[in-house]
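Input: a single structure, listed below in structure tokens.
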Amino acid sequence: MSQVSEQTIFLGDGLPHRPRIADASGSAIIGAVALGLFTRDWAAALAGGVLGAGLANQKQPLELAIREYFKKRNLEVMFFYRAPRYVKVTFTYAPNAFWTVESTVPDSISFPSDEERDDWLYGNLIKIELPKIMRKIRRLEQR
């Protein structure tokens, strides 16, 4: 069985959670420490480091997580729309070539928190819905 990375924790239905902020960029942590250093106060620098570490352990907001995922796959997000139980992304995969992918939480599923709902939307979009669209794109390109 393959090893799952620490940041890819799976929901009960096999969908990955959104990554942590630290996975998106080290600049958040560096920025918090730098802000503390600019004050020329060691206590502020320490507080900045603690703030940066705390920030790095939070999950990425849904939009950031989706944009980062698409960027890693050389897909540019052109439009992002979200509602409480729905997310829609229009992206470009080639010059003048656009496609839309969306994910909707079924009414039969309820979540104890908004965080878990966002994790489900993210996981469903990247693991189920986007691969379907990419298969369609490949089939159209082969014609």
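Chain labels follow the order of the structure tokens: the first chain is A, the next B, and so on; residue numbering restarts at 1 in every chain, and ligands are counted from 1 in their shown order.
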For this session: Please provide the set of residues having any atom within 10 Å of A:Glu63, restricted to only C-alpha atoms, with same-chain residues fewer than 5 positions apart removed, written as a list in words.
Result: Glu68, Tyr69, Phe80, Tyr81, Arg82, Val87, Val89, Asp118 and Tyr122 of chain A
For this session: Find the residues around A:Val105 up to 7 Å (only C-alpha atoms counted), leave out those fewer than 5 positions away in its own chain, and share them as JSON, numbers by chain.
Result: {"A": [85, 86, 121]}
Exercise. Interatomic distance between atom CA of A:Phe98 and atom CA of A:Arg135?
Worked result: 14.4 Å
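Nearest to A:Glu102 of all the residues A:Arg117, A:Pro84, A:Ile133, A:Asn74 is A:Ile133, counting only C-alpha atoms.
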Problem set entry | Selection: 8 Å around A:Glu76, only C-alpha atoms, excl. self and same-chain fewer than 2 positions, as JSON, numbers by chain | {"A": [67, 70, 71, 74, 78, 91, 92, 93]}
Exercise. Of the candidates A:Ile137, A:Ile66, A:Ile21, A:Leu75, which one gets nearest to A:Ser103 if we count only C-alpha atoms?
Worked result: A:Ile66
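Put simply, atom CA of A:Glu141 is 22.1 Å away from atom CA of A:Leu125.
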For this session: For A:Glu115, work out the shell of residues within 10 Å, counting only C-alpha atoms and skipping chain neighbours fewer than 4 positions away, then give it as a PyMOL selection string.
Result: chain A and resi 17-18+59+61-62+111+119-121
Kindly save the residues from that selection, with C-alpha atoms included, as a compact mmCIF listing (two decimals), in the first residue's frame.
# COMPACT_ATOMS: atom_id res chain seq x y z
CA HIS A 17 -8.49 17.37 2.69
CA ARG A 18 -7.27 20.81 1.70
CA LYS A 59 -5.84 24.75 6.28
CA PRO A 61 -8.93 28.61 2.28
CA LEU A 62 -10.89 26.69 -0.36
CA PHE A 111 -21.08 18.13 7.89
CA ASP A 119 -12.61 19.76 2.53
CA TRP A 120 -15.30 17.67 0.82
CA LEU A 121 -15.79 20.25 -1.95
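What separates atom CA of A:Arg143 from atom CA of A:Val77 is a distance of 25.2 Å.
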Exercise. Where does DSSP see alpha helix (DSSP H) in stretch 55-115 of chain A, if you list the residues as a ChimeraX atom specification?
Worked result: /A:55-56,62-72,114-115
Problem set entry | Which residue of A:Ala94, A:Leu64, A:Asp107, A:Ala22 approaches A:Arg138 most closely, using only C-alpha atoms | A:Ala94
